[in-house]
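Shown here: coords.txt, compact mmCIF, C-alpha atoms and all ligand atoms.
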```txt
# COMPACT_ATOMS: atom_id res chain seq x y z
CA MET X 1 -23.22 -38.76 -159.19
CA SER X 2 -19.54 -39.71 -159.04
CA ASN X 3 -16.96 -37.75 -161.05
CA THR X 4 -16.48 -40.84 -163.21
CA GLU X 5 -20.22 -41.12 -163.95
CA ALA X 6 -20.36 -37.42 -164.84
CA LEU X 7 -17.37 -37.78 -167.18
CA LYS X 8 -18.93 -40.86 -168.82
CA THR X 9 -22.09 -38.89 -169.56
CA ARG X 10 -20.15 -35.94 -171.01
CA ARG X 11 -17.88 -38.29 -172.98
CA SER X 12 -20.77 -40.09 -174.63
CA LYS X 13 -22.35 -36.78 -175.71
CA ALA X 14 -19.16 -35.06 -176.88
CA VAL X 15 -16.70 -37.67 -178.12
CA ALA X 16 -16.89 -39.94 -181.18
CA ASN X 17 -18.21 -43.43 -180.46
CA GLY X 18 -15.60 -45.02 -182.73
CA VAL X 19 -12.88 -44.04 -180.25
CA ALA X 20 -13.03 -47.01 -177.90
CA THR X 21 -12.74 -46.10 -174.20
CA ARG X 22 -12.57 -47.96 -170.91
CA GLY X 23 -14.44 -46.74 -167.85
CA ILE X 24 -11.43 -45.51 -165.86
CA TYR X 25 -11.03 -41.73 -166.11
CA ALA X 26 -7.46 -40.76 -165.16
CA ALA X 27 -6.72 -37.98 -162.69
CA ARG X 28 -3.04 -38.62 -161.96
CA ALA X 29 -0.40 -41.31 -162.27
CA GLU X 30 3.03 -42.11 -160.87
CA ASN X 31 5.28 -44.95 -162.02
CA ALA X 32 3.07 -48.09 -161.96
CA GLU X 33 0.11 -46.47 -160.15
CA LEU X 34 -2.85 -44.51 -161.49
CA TRP X 35 -5.68 -42.75 -159.64
CA ASP X 36 -9.05 -42.15 -161.25
CA ALA X 37 -11.33 -39.11 -161.14
CA ASP X 38 -12.82 -40.37 -157.84
CA GLY X 39 -9.48 -41.11 -156.19
CA LYS X 40 -9.60 -44.89 -156.68
CA ARG X 41 -6.08 -46.32 -156.98
CA PHE X 42 -5.04 -48.81 -159.67
CA ILE X 43 -1.86 -50.63 -160.53
CA ASP X 44 -1.45 -49.93 -164.22
CA PHE X 45 -0.48 -53.02 -166.22
CA ALA X 46 -1.62 -51.42 -169.46
CA ALA X 47 1.05 -48.69 -169.25
CA GLY X 48 -0.84 -46.62 -171.82
CA ILE X 49 -0.62 -49.68 -174.14
CA ALA X 50 3.11 -50.37 -173.79
CA VAL X 51 4.05 -46.68 -173.73
CA ASN X 52 5.12 -46.08 -170.15
CA ASN X 53 7.94 -48.65 -170.13
CA THR X 54 9.78 -46.26 -167.83
CA GLY X 55 6.63 -45.72 -165.75
CA HIS X 56 4.35 -42.72 -165.52
CA ARG X 57 6.28 -39.46 -165.10
CA HIS X 58 9.75 -40.90 -164.59
CA PRO X 59 11.60 -38.12 -162.70
CA LYS X 60 14.49 -38.00 -165.21
CA VAL X 61 12.09 -37.80 -168.15
CA MET X 62 10.09 -35.03 -166.46
CA VAL X 63 13.25 -32.99 -165.77
CA ALA X 64 14.44 -33.39 -169.38
CA VAL X 65 11.08 -32.21 -170.71
CA ALA X 66 10.94 -29.28 -168.28
CA LEU X 67 14.45 -28.15 -169.28
CA GLN X 68 13.55 -28.39 -172.98
CA ALA X 69 10.31 -26.44 -172.37
CA GLU X 70 12.42 -23.58 -171.02
CA GLN X 71 14.38 -23.44 -174.30
CA PHE X 72 11.70 -23.96 -177.00
CA THR X 73 8.76 -26.30 -177.52
CA HIS X 74 8.45 -26.25 -181.31
CA THR X 75 10.36 -24.88 -184.28
CA CYS X 76 9.56 -27.61 -186.86
CA PHE X 77 12.65 -29.66 -187.69
CA HIS X 78 12.29 -28.67 -191.38
CA VAL X 79 12.57 -24.96 -190.46
CA ALA X 80 15.06 -24.81 -187.57
CA PRO X 81 16.54 -28.22 -186.71
CA TYR X 82 17.91 -28.96 -183.23
CA GLU X 83 20.62 -31.03 -181.59
CA GLY X 84 18.33 -33.33 -179.55
CA TYR X 85 16.83 -34.86 -182.73
CA ILE X 86 20.29 -35.48 -184.19
CA ALA X 87 21.57 -36.99 -180.93
CA LEU X 88 18.54 -39.30 -180.73
CA ALA X 89 19.01 -40.36 -184.37
CA GLU X 90 22.65 -41.21 -183.62
CA ARG X 91 21.61 -43.26 -180.61
CA LEU X 92 18.87 -45.16 -182.47
CA ASN X 93 21.25 -45.86 -185.37
CA ALA X 94 23.62 -47.44 -182.86
CA ALA X 95 20.94 -49.26 -180.83
CA THR X 96 19.09 -51.05 -183.66
CA PRO X 97 20.48 -54.40 -184.79
CA GLY X 98 22.60 -54.57 -187.96
CA ASP X 99 26.23 -53.89 -188.66
CA PHE X 100 25.65 -51.41 -191.48
CA GLU X 101 25.36 -47.66 -191.90
CA LYS X 102 21.99 -46.44 -190.64
CA LYS X 103 19.88 -43.31 -190.64
CA THR X 104 16.74 -42.28 -188.78
CA MET X 105 13.70 -40.10 -189.36
CA MET X 106 11.12 -39.21 -186.74
CA VAL X 107 7.40 -38.71 -186.81
CA THR X 108 4.73 -38.79 -184.12
CA THR X 109 2.68 -42.01 -184.03
CA GLY X 110 3.29 -45.68 -184.70
CA ALA X 111 1.02 -45.65 -187.75
CA GLU X 112 2.87 -42.69 -189.22
CA ALA X 113 6.20 -44.47 -188.79
CA VAL X 114 4.76 -47.56 -190.54
CA GLU X 115 3.58 -45.32 -193.41
CA ASN X 116 7.04 -43.82 -193.76
CA ALA X 117 8.78 -47.20 -193.70
CA VAL X 118 6.52 -48.35 -196.55
CA LYS X 119 7.23 -45.15 -198.50
CA MET X 120 10.99 -45.63 -198.08
CA ALA X 121 10.80 -49.30 -199.11
CA ARG X 122 8.80 -48.41 -202.22
CA ALA X 123 11.12 -45.53 -203.14
CA TYR X 124 14.23 -47.69 -202.69
CA THR X 125 13.03 -50.80 -204.52
CA GLY X 126 10.81 -49.13 -207.13
CA ARG X 127 8.25 -51.86 -206.31
CA SER X 128 4.83 -51.47 -204.73
CA GLY X 129 3.77 -54.82 -203.18
CA ILE X 130 3.83 -55.26 -199.41
CA ILE X 131 3.36 -58.51 -197.51
CA ALA X 132 1.99 -58.42 -193.98
CA PHE X 133 0.65 -61.20 -191.73
CA SER X 134 -2.69 -62.44 -190.45
CA GLY X 135 -3.53 -61.00 -187.04
CA ALA X 136 -1.11 -58.10 -187.55
CA PHE X 137 -1.77 -54.60 -186.26
CA HIS X 138 0.06 -51.70 -187.88
CA GLY X 139 -2.15 -48.69 -187.11
CA ARG X 140 -5.30 -46.89 -188.18
CA THR X 141 -4.16 -44.73 -191.13
CA LEU X 142 -5.09 -45.83 -194.65
CA MET X 143 -1.88 -47.86 -195.23
CA GLY X 144 -1.76 -48.94 -191.57
CA MET X 145 -5.27 -50.39 -191.65
CA ALA X 146 -4.65 -52.03 -195.02
CA LEU X 147 -1.65 -53.81 -193.47
CA CYS X 148 -3.68 -54.96 -190.45
CA GLY X 149 -4.47 -58.65 -190.53
CA LYS X 150 -7.87 -58.22 -188.89
CA VAL X 151 -10.95 -56.80 -190.62
CA ASN X 152 -13.23 -55.98 -187.72
CA PRO X 153 -12.99 -53.23 -186.48
CA TYR X 154 -9.92 -51.93 -188.30
CA LYS X 155 -11.03 -52.12 -191.95
CA LYS X 156 -14.76 -52.69 -191.66
CA ALA X 157 -16.75 -49.76 -193.06
CA PHE X 158 -13.72 -47.89 -194.40
CA GLY X 159 -13.97 -48.61 -198.13
CA ALA X 160 -11.36 -49.79 -200.61
CA MET X 161 -7.87 -50.64 -199.38
CA PRO X 162 -4.70 -49.71 -201.32
CA PRO X 163 -3.77 -52.41 -203.86
CA GLU X 164 -0.93 -54.97 -203.70
CA ILE X 165 -1.11 -55.54 -199.95
CA LEU X 166 -1.16 -59.27 -199.22
CA HIS X 167 -1.36 -61.26 -196.00
CA ALA X 168 0.44 -64.51 -195.22
CA PRO X 169 -0.49 -66.56 -192.15
CA PHE X 170 1.47 -65.73 -188.98
CA PRO X 171 2.73 -69.04 -187.60
CA ASN X 172 0.92 -69.85 -184.38
CA GLU X 173 1.17 -73.42 -183.21
CA PHE X 174 -1.47 -72.92 -180.51
CA HIS X 175 -3.90 -72.09 -183.34
CA GLY X 176 -2.56 -74.88 -185.55
CA VAL X 177 -0.32 -72.95 -187.97
CA THR X 178 3.27 -74.19 -188.10
CA VAL X 179 6.32 -72.31 -189.36
CA GLU X 180 6.54 -74.74 -192.30
CA GLN X 181 2.91 -74.14 -193.26
CA SER X 182 3.34 -70.40 -193.12
CA LEU X 183 6.49 -70.51 -195.28
CA SER X 184 4.86 -72.85 -197.76
CA ILE X 185 1.85 -70.51 -198.13
CA LEU X 186 4.23 -67.59 -198.70
CA ASP X 187 5.98 -69.60 -201.38
CA ASN X 188 2.63 -70.37 -202.94
CA MET X 189 1.65 -66.67 -202.85
CA PHE X 190 4.71 -65.91 -204.96
CA LYS X 191 3.42 -68.42 -207.52
CA SER X 192 -0.27 -67.61 -207.44
CA SER X 193 -0.77 -64.02 -206.23
CA ILE X 194 2.25 -61.75 -206.68
CA ASP X 195 5.60 -61.93 -208.42
CA PRO X 196 8.23 -61.55 -205.66
CA GLU X 197 9.92 -59.03 -207.99
CA ARG X 198 6.92 -56.74 -207.37
CA VAL X 199 7.25 -56.95 -203.57
CA ALA X 200 8.97 -53.98 -201.91
CA ALA X 201 8.81 -55.22 -198.32
CA MET X 202 7.53 -57.67 -195.77
CA ILE X 203 6.42 -56.15 -192.48
CA ILE X 204 6.20 -58.19 -189.31
CA GLU X 205 5.77 -57.67 -185.57
CA PRO X 206 8.35 -59.97 -183.89
CA VAL X 207 5.69 -60.47 -181.23
CA GLN X 208 2.18 -59.62 -182.40
CA GLY X 209 0.67 -57.04 -180.06
CA GLU X 210 -3.05 -56.52 -180.66
CA GLY X 211 -3.07 -59.94 -182.40
CA GLY X 212 -2.54 -61.76 -179.10
CA PHE X 213 1.14 -61.61 -178.08
CA ASN X 214 1.99 -64.35 -180.55
CA VAL X 215 5.75 -64.76 -180.59
CA ALA X 216 7.33 -65.24 -184.03
CA GLN X 217 9.69 -68.18 -183.79
CA PRO X 218 13.34 -67.18 -184.33
CA GLU X 219 13.60 -69.72 -187.17
CA PHE X 220 10.62 -68.07 -188.86
CA LEU X 221 12.20 -64.61 -188.68
CA ARG X 222 15.47 -66.03 -190.01
CA ALA X 223 13.61 -67.74 -192.86
CA LEU X 224 11.87 -64.45 -193.73
CA ARG X 225 15.24 -62.70 -193.75
CA LYS X 226 16.55 -65.27 -196.22
CA LEU X 227 13.43 -65.11 -198.39
CA CYS X 228 13.73 -61.31 -198.52
CA ASP X 229 17.42 -61.52 -199.43
CA ASP X 230 16.71 -64.09 -202.15
CA HIS X 231 14.17 -61.80 -203.82
CA GLY X 232 15.53 -58.30 -203.14
CA ILE X 233 12.65 -57.63 -200.71
CA LEU X 234 13.17 -55.42 -197.64
CA LEU X 235 12.34 -56.68 -194.16
CA ILE X 236 10.55 -54.18 -191.91
CA ALA X 237 10.33 -54.99 -188.19
CA ASP X 238 7.35 -53.27 -186.60
CA GLU X 239 8.69 -52.83 -183.06
CA VAL X 240 6.10 -50.26 -182.05
CA GLN X 241 4.84 -52.46 -179.18
CA THR X 242 7.83 -54.80 -178.74
CA GLY X 243 10.61 -52.23 -178.82
CA ILE X 244 12.47 -50.14 -176.24
CA ALA X 245 13.39 -52.89 -173.74
CA ARG X 246 9.86 -54.36 -173.46
CA THR X 247 10.87 -57.93 -174.35
CA GLY X 248 14.17 -58.01 -172.45
CA LYS X 249 16.20 -56.65 -175.38
CA MET X 250 16.08 -53.14 -176.85
CA PHE X 251 14.34 -54.66 -179.91
CA ALA X 252 12.55 -58.02 -179.99
CA ILE X 253 14.07 -59.01 -183.32
CA GLU X 254 17.41 -59.31 -181.50
CA HIS X 255 16.11 -62.53 -179.87
CA ALA X 256 16.25 -64.12 -183.34
CA ASP X 257 19.60 -62.57 -184.18
CA VAL X 258 18.09 -60.99 -187.27
CA ALA X 259 18.71 -57.48 -188.58
CA ALA X 260 15.76 -55.85 -190.33
CA ASP X 261 16.37 -53.32 -193.12
CA LEU X 262 14.00 -50.90 -191.38
CA VAL X 263 12.88 -50.84 -187.74
CA VAL X 264 9.70 -48.97 -186.84
CA MET X 265 9.33 -47.81 -183.23
CA ALA X 266 7.06 -45.57 -181.15
CA LYS X 267 5.20 -46.12 -177.83
CA GLY X 268 7.95 -46.77 -175.22
CA LEU X 269 10.40 -44.54 -177.07
CA ALA X 270 9.46 -41.25 -175.39
CA GLY X 271 8.05 -42.33 -172.00
CA GLY X 272 4.55 -40.96 -172.56
CA PHE X 273 5.24 -38.23 -175.11
CA PRO X 274 4.19 -38.73 -178.75
CA LEU X 275 7.16 -39.76 -180.85
CA SER X 276 7.92 -42.46 -183.40
CA ALA X 277 10.89 -43.26 -185.58
CA VAL X 278 12.07 -45.28 -188.55
CA THR X 279 15.68 -46.41 -188.36
CA GLY X 280 17.35 -48.47 -191.05
CA ARG X 281 19.84 -48.93 -193.84
CA ALA X 282 21.10 -45.47 -194.80
CA GLU X 283 20.55 -46.07 -198.50
CA VAL X 284 16.94 -47.16 -197.96
CA VAL X 285 16.09 -44.27 -195.62
CA ASP X 286 17.74 -41.86 -198.06
CA ALA X 287 15.75 -43.16 -201.04
CA ALA X 288 12.86 -40.83 -200.14
CA PRO X 289 13.18 -37.52 -202.01
CA VAL X 290 13.93 -34.38 -199.98
CA GLY X 291 10.64 -33.05 -198.64
CA GLY X 292 8.88 -36.38 -199.28
CA ILE X 293 8.96 -37.45 -195.64
CA GLY X 294 8.66 -35.59 -192.33
CA GLY X 295 5.90 -33.36 -190.99
CA THR X 296 5.15 -30.20 -189.04
CA TYR X 297 5.31 -31.81 -185.59
CA ALA X 298 7.57 -34.71 -186.55
CA GLY X 299 10.27 -35.18 -183.91
CA ASN X 300 8.80 -32.63 -181.51
CA PRO X 301 11.52 -31.19 -179.24
CA LEU X 302 9.74 -32.07 -175.95
CA ALA X 303 9.18 -35.67 -177.09
CA VAL X 304 12.75 -35.93 -178.35
CA ALA X 305 14.09 -34.67 -174.99
CA ALA X 306 11.91 -37.28 -173.27
CA ALA X 307 13.24 -40.03 -175.57
CA ASN X 308 16.87 -39.15 -174.92
CA ALA X 309 16.11 -39.37 -171.18
CA VAL X 310 14.26 -42.69 -171.64
CA LEU X 311 17.32 -44.22 -173.32
CA ASP X 312 19.48 -43.04 -170.39
CA VAL X 313 17.03 -44.51 -167.86
CA ILE X 314 16.92 -47.89 -169.65
CA ASP X 315 20.69 -48.03 -169.44
CA GLU X 316 21.08 -46.73 -165.88
CA GLU X 317 18.31 -48.92 -164.43
CA ASP X 318 19.16 -51.98 -166.53
CA LEU X 319 15.56 -52.21 -167.69
CA CYS X 320 16.19 -54.93 -170.29
CA ALA X 321 17.23 -57.29 -167.47
CA ARG X 322 14.31 -56.12 -165.33
CA ALA X 323 11.88 -56.79 -168.24
CA THR X 324 13.06 -60.41 -168.31
CA GLU X 325 12.75 -60.74 -164.52
CA ILE X 326 9.25 -59.24 -164.48
CA GLY X 327 8.14 -61.48 -167.36
CA ASP X 328 9.53 -64.60 -165.67
CA GLN X 329 7.65 -63.80 -162.45
CA ILE X 330 4.37 -63.18 -164.28
CA LYS X 331 4.68 -66.37 -166.34
CA ALA X 332 5.61 -68.45 -163.26
CA ARG X 333 2.53 -67.19 -161.39
CA LEU X 334 0.23 -67.79 -164.37
CA ASP X 335 1.66 -71.28 -164.93
CA THR X 336 1.00 -72.12 -161.25
CA VAL X 337 -2.60 -70.93 -161.54
CA ALA X 338 -3.08 -72.79 -164.85
CA ASP X 339 -1.80 -76.05 -163.30
CA ARG X 340 -4.46 -75.95 -160.56
CA GLN X 341 -7.48 -78.19 -160.79
CA GLY X 342 -10.44 -76.50 -162.48
CA MET X 343 -8.22 -74.04 -164.34
CA ASP X 344 -8.67 -75.64 -167.74
CA ALA X 345 -9.82 -72.27 -169.00
CA ILE X 346 -6.22 -71.05 -169.22
CA GLY X 347 -5.29 -72.57 -172.56
CA ASP X 348 -1.93 -70.93 -173.09
CA VAL X 349 0.53 -68.64 -171.29
CA ARG X 350 3.04 -66.96 -173.61
CA GLY X 351 5.14 -63.91 -174.31
CA LEU X 352 8.62 -62.53 -174.41
CA GLY X 353 10.10 -60.53 -171.52
CA ALA X 354 7.56 -58.25 -169.87
CA MET X 355 5.05 -58.77 -172.68
CA VAL X 356 2.95 -61.65 -171.38
CA ALA X 357 -0.51 -62.88 -172.31
CA PHE X 358 -2.75 -65.79 -171.42
CA GLU X 359 -5.47 -67.15 -173.62
CA LEU X 360 -8.88 -68.22 -172.27
CA VAL X 361 -10.63 -71.23 -173.77
CA THR X 362 -13.80 -73.17 -173.02
CA ASP X 363 -11.62 -76.29 -172.53
CA ARG X 364 -8.12 -77.36 -173.45
CA ASP X 365 -9.24 -80.13 -175.81
CA SER X 366 -11.16 -77.91 -178.21
CA ASN X 367 -9.23 -74.68 -177.53
CA ASN X 368 -12.44 -72.83 -178.41
CA PRO X 369 -12.11 -69.18 -177.40
CA ASP X 370 -13.93 -67.84 -174.33
CA PRO X 371 -14.18 -64.07 -174.85
CA ALA X 372 -16.89 -63.71 -172.16
CA LEU X 373 -14.57 -65.17 -169.50
CA THR X 374 -11.74 -62.98 -170.80
CA GLN X 375 -13.86 -59.88 -170.35
CA ALA X 376 -14.99 -61.06 -166.92
CA ILE X 377 -11.35 -61.39 -165.78
CA VAL X 378 -10.52 -57.89 -167.02
CA ALA X 379 -13.60 -56.51 -165.22
CA GLU X 380 -12.79 -58.38 -161.96
CA ALA X 381 -9.23 -57.04 -162.06
CA GLU X 382 -10.48 -53.51 -162.66
CA ALA X 383 -12.87 -53.76 -159.69
CA ARG X 384 -9.96 -54.96 -157.53
CA GLY X 385 -7.61 -52.17 -158.68
CA LEU X 386 -5.56 -53.62 -161.54
CA ILE X 387 -5.70 -52.31 -165.11
CA ILE X 388 -5.14 -55.04 -167.71
CA LEU X 389 -6.07 -55.25 -171.40
CA LEU X 390 -7.67 -57.66 -173.81
CA CYS X 391 -6.10 -58.69 -177.10
CA GLY X 392 -6.10 -61.45 -179.70
CA THR X 393 -7.81 -62.01 -183.01
CA ARG X 394 -10.38 -64.11 -181.10
CA ALA X 395 -10.69 -61.46 -178.31
CA ASN X 396 -9.83 -64.14 -175.73
CA ALA X 397 -6.38 -63.17 -174.50
CA VAL X 398 -5.46 -61.00 -171.52
CA ARG X 399 -2.24 -59.06 -172.00
CA LEU X 400 0.02 -57.72 -169.28
CA LEU X 401 2.26 -54.76 -170.00
CA PRO X 402 3.66 -53.53 -166.68
CA PRO X 403 6.03 -50.59 -166.58
CA LEU X 404 9.58 -52.00 -166.47
CA THR X 405 10.13 -49.77 -163.44
CA THR X 406 7.31 -51.43 -161.43
CA PRO X 407 8.55 -51.83 -157.83
CA GLN X 408 8.61 -55.45 -156.60
CA ALA X 409 5.89 -54.73 -153.99
CA HIS X 410 3.52 -53.46 -156.71
CA LEU X 411 4.34 -56.41 -158.96
CA ASP X 412 3.51 -58.83 -156.12
CA GLU X 413 0.31 -56.94 -155.33
CA ALA X 414 -0.73 -56.96 -159.01
CA LEU X 415 -0.09 -60.69 -159.36
CA ASP X 416 -2.21 -61.38 -156.24
CA ILE X 417 -5.04 -59.30 -157.73
CA LEU X 418 -4.68 -61.07 -161.07
CA GLU X 419 -4.79 -64.51 -159.47
CA SER X 420 -7.87 -63.71 -157.38
CA SER X 421 -9.58 -62.11 -160.41
CA ILE X 422 -9.01 -65.22 -162.53
CA GLU X 423 -10.32 -67.45 -159.73
CA ALA X 424 -13.40 -65.28 -159.17
CA ALA X 425 -14.27 -65.14 -162.88
CA VAL X 426 -13.70 -68.87 -163.43
CA ASN X 427 -15.76 -69.74 -160.30
CA ALA X 428 -18.61 -67.50 -161.46
CA VAL X 429 -18.71 -69.40 -164.77
CA SER X 430 -18.73 -72.79 -162.95
CA ILE X 431 -21.55 -71.69 -160.61
CA ALA X 432 -23.58 -70.39 -163.58
CA ALA X 433 -23.09 -73.75 -165.36
CA GLU X 434 -24.34 -75.81 -162.35
C1 LIG G 501 2.75 -53.16 -183.63
C2 LIG G 501 2.05 -51.83 -183.77
N1 LIG G 501 2.23 -51.10 -184.88
C3 LIG G 501 1.65 -49.92 -185.05
C4 LIG G 501 0.80 -49.40 -184.09
C5 LIG G 501 0.14 -48.08 -184.31
O1 LIG G 501 0.65 -47.13 -183.41
P1 LIG G 501 -0.17 -45.79 -183.12
O2 LIG G 501 -1.41 -46.19 -182.38
O3 LIG G 501 0.77 -44.96 -182.31
O4 LIG G 501 -0.48 -45.19 -184.45
C6 LIG G 501 0.58 -50.12 -182.90
C7 LIG G 501 -0.33 -49.61 -181.87
O5 LIG G 501 -0.81 -50.30 -181.01
C8 LIG G 501 1.22 -51.38 -182.75
O6 LIG G 501 1.03 -52.11 -181.65
```
Represent the structure contained in this file as structure tokens.
Amino acid sequence: MSNTEALKTRRSKAVANGVATRGIYAARAENAELWDADGKRFIDFAAGIAVNNTGHRHPKVMVAVALQAEQFTHTCFHVAPYEGYIALAERLNAATPGDFEKKTMMVTTGAEAVENAVKMARAYTGRSGIIAFSGAFHGRTLMGMALCGKVNPYKKAFGAMPPEILHAPFPNEFHGVTVEQSLSILDNMFKSSIDPERVAAMIIEPVQGEGGFNVAQPEFLRALRKLCDDHGILLIADEVQTGIARTGKMFAIEHADVAADLVVMAKGLAGGFPLSAVTGRAEVVDAAPVGGIGGTYAGNPLAVAAANAVLDVIDEEDLCARATEIGDQIKARLDTVADRQGMDAIGDVRGLGAMVAFELVTDRDSNNPDPALTQAIVAEAEARGLIILLCGTRANAVRLLPPLTTPQAHLDEALDILESSIEAAVNAVSIAAE
């Protein structure tokens, strides 16, 4: 029995079924490469789901963490605060868009940061309503799942959701929802479902992650900003997946030239260590009463040291520019494949920077989803040594999230594997249909 088979057997006996797992058991990883428990090598275009933007074990991040570990690993910021947290807060206040005074608080996961942003918005406005969008993903805590715009699996089986959480349609022209339609439904919601004066915040991913890498049009984000300003509603940008250079800017909302009142970030922030943050208008962040936000492990010193190193690396290695370059190369390759005869199954190629997805359909006329082909492509790629992920509300999109430090040779190799995996999966479907 292989090591992987043995681990699969132990995993299924010992670990909760509800925790979804792939079949690749990690043994070690370096930059864009990962080796499994049997020594098989992969190029990792999942990057721990958009976490390892600076690659696995970036040398500068590892040194920063090792140095911090020699000083202390935990004091609890509430008990004995430390300089690294303050320095990181200063840097995030400066890095997030918006020419106003900002403050930051740190927690550990994306969902926790979302929770805290909602708490701040409610405390500041004295209102309780929150508007999120269809297809959204904001985490698996009680508020996080309530904000998700997808029932199965995130809300199914988990009982009553908190009240006054509403969902407006995320504009997605490929799925037939225009910006105008989305704005008109929002307007209608204010007439039929909730008084805008009861709404504390709108929360949006500038590019939906789990929902299928749907890019919010800049004009939509600007219209939301205006709508929020008109009604005294706060705008929260959930940049957990899009942030930290992933889309070619530090934060994706910068592409629309919009400043959110609160920015939620996690994943890429600490290069593989668990850390999340909420940065925003000082008066909003400060609306939470002393002791009302934070946590025992919130802003852990090792993760904070990693994050300060990640920000240095992004600067020194110009990773925003590299994200754009990587994304352009991936899109160009996918467009070439999609243009080939017999490749009608690729219905759409989209994304922003190094956050690229392609959607698989039965044919381009109907745009009906083809989740079986999507899974087949992911499985072919895995067999050939490339880790890629599924996404999309219809489970028919493949998403590519390479580390922004991926060497050109590994990027070329990964794109060759991707192309041959698509061809093999599409050919298998054609042969089965004959
Ligand atoms: C946009 C977005 N928000 C929130 C979350 C939740 O983050 P976490 O899994 O760290 O709780 C995720 C995770 O994928 C995400 O993509």
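Take atom CA of X:Glu423 and atom CA of X:Leu389: the distance between them is 17.4 Å.
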One decimal place gives the atom CA of X:Leu224-atom CA of X:Ile204 separation as 9.5 Å
- For X:Asp195, which residue out of X:Gly129, X:Gly209, X:Pro163, X:Pro169 is the nearest one, using all atoms listed in the file?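 Nearest candidate to X:Asp195 out of X:Gly129, X:Gly209, X:Pro163, X:Pro169: X:Gly129.
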Mind listing whatever residues come within 12 Å of the point (13.4, -52.3, -203.7)? Use all atoms listed in the file, file coordinates, and give them as an mmCIF file with C-alpha atoms, in the coordinates of the input.
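Final output, point22.cif:
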```cif
data_model
loop_
_atom_site.group_PDB
_atom_site.id
_atom_site.type_symbol
_atom_site.label_atom_id
_atom_site.label_comp_id
_atom_site.auth_asym_id
_atom_site.auth_seq_id
_atom_site.Cartn_x
_atom_site.Cartn_y
_atom_site.Cartn_z
ATOM 1 C CA VAL X 118 6.520 -48.350 -196.550
ATOM 2 C CA LYS X 119 7.230 -45.150 -198.500
ATOM 3 C CA MET X 120 10.990 -45.630 -198.080
ATOM 4 C CA ALA X 121 10.800 -49.300 -199.110
ATOM 5 C CA ARG X 122 8.800 -48.410 -202.220
ATOM 6 C CA ALA X 123 11.120 -45.530 -203.140
ATOM 7 C CA TYR X 124 14.230 -47.690 -202.690
ATOM 8 C CA THR X 125 13.030 -50.800 -204.520
ATOM 9 C CA GLY X 126 10.810 -49.130 -207.130
ATOM 10 C CA ARG X 127 8.250 -51.860 -206.310
ATOM 11 C CA SER X 128 4.830 -51.470 -204.730
ATOM 12 C CA GLY X 129 3.770 -54.820 -203.180
ATOM 13 C CA ILE X 130 3.830 -55.260 -199.410
ATOM 14 C CA PRO X 196 8.230 -61.550 -205.660
ATOM 15 C CA GLU X 197 9.920 -59.030 -207.990
ATOM 16 C CA ARG X 198 6.920 -56.740 -207.370
ATOM 17 C CA VAL X 199 7.250 -56.950 -203.570
ATOM 18 C CA ALA X 200 8.970 -53.980 -201.910
ATOM 19 C CA ALA X 201 8.810 -55.220 -198.320
ATOM 20 C CA MET X 202 7.530 -57.670 -195.770
ATOM 21 C CA CYS X 228 13.730 -61.310 -198.520
ATOM 22 C CA ASP X 229 17.420 -61.520 -199.430
ATOM 23 C CA HIS X 231 14.170 -61.800 -203.820
ATOM 24 C CA GLY X 232 15.530 -58.300 -203.140
ATOM 25 C CA ILE X 233 12.650 -57.630 -200.710
ATOM 26 C CA LEU X 234 13.170 -55.420 -197.640
ATOM 27 C CA LEU X 235 12.340 -56.680 -194.160
ATOM 28 C CA ASP X 261 16.370 -53.320 -193.120
ATOM 29 C CA GLU X 283 20.550 -46.070 -198.500
ATOM 30 C CA VAL X 284 16.940 -47.160 -197.960
ATOM 31 C CA VAL X 285 16.090 -44.270 -195.620
ATOM 32 C CA ALA X 287 15.750 -43.160 -201.040
#
```
ask   = How many Å lie between atom CA of X:Val114 and atom N1 of ligand LIG 501 (chain G), rounded to one decimal?
value =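 A separation of 7.1 Å between them.
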Can you work out which one of X:Ala345, X:Ala309, X:Val65, X:Ala270 has the shortest atom-to-atom distance to X:Glu359, counting only C-alpha atoms?
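Of the candidates, the smallest distance to X:Glu359 is held by X:Ala345.
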- Fewer than 4 positions away in the same chain doesn't count, so skip those; otherwise give me all residues within 10 Å of stretch 176-192 of chain X, counting only C-alpha atoms, as a count of residues only. 21
With distances taken over only C-alpha atoms, the candidate from X:Ile43, X:Ala245, X:Ile203, X:Ala306 nearest X:Val63 is X:Ala306
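Residues within 8 Å of stretch 144-155 of chain X, counting all atoms listed in the file and excluding same-chain residues fewer than 4 positions away, are Ala111, Val114, Glu115, Ile131, Ala132, Phe133, Ser134, Gly135, Ala136, Phe137, His138, Gly139, Arg140, Gly159, Met161, Pro162, Ile165, Leu166, His167 and Thr393 of chain X.
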In terms of all atoms listed in the file, the residue from X:Ala395, X:Leu311, X:Ile194, X:Ala298 at minimal distance from X:Gly211 is X:Ala395
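Of the listed residues (X:Thr374, X:Gln329, X:Thr247, X:Thr109), X:Thr109 comes nearest to X:Met265; the distances count all atoms listed in the file.
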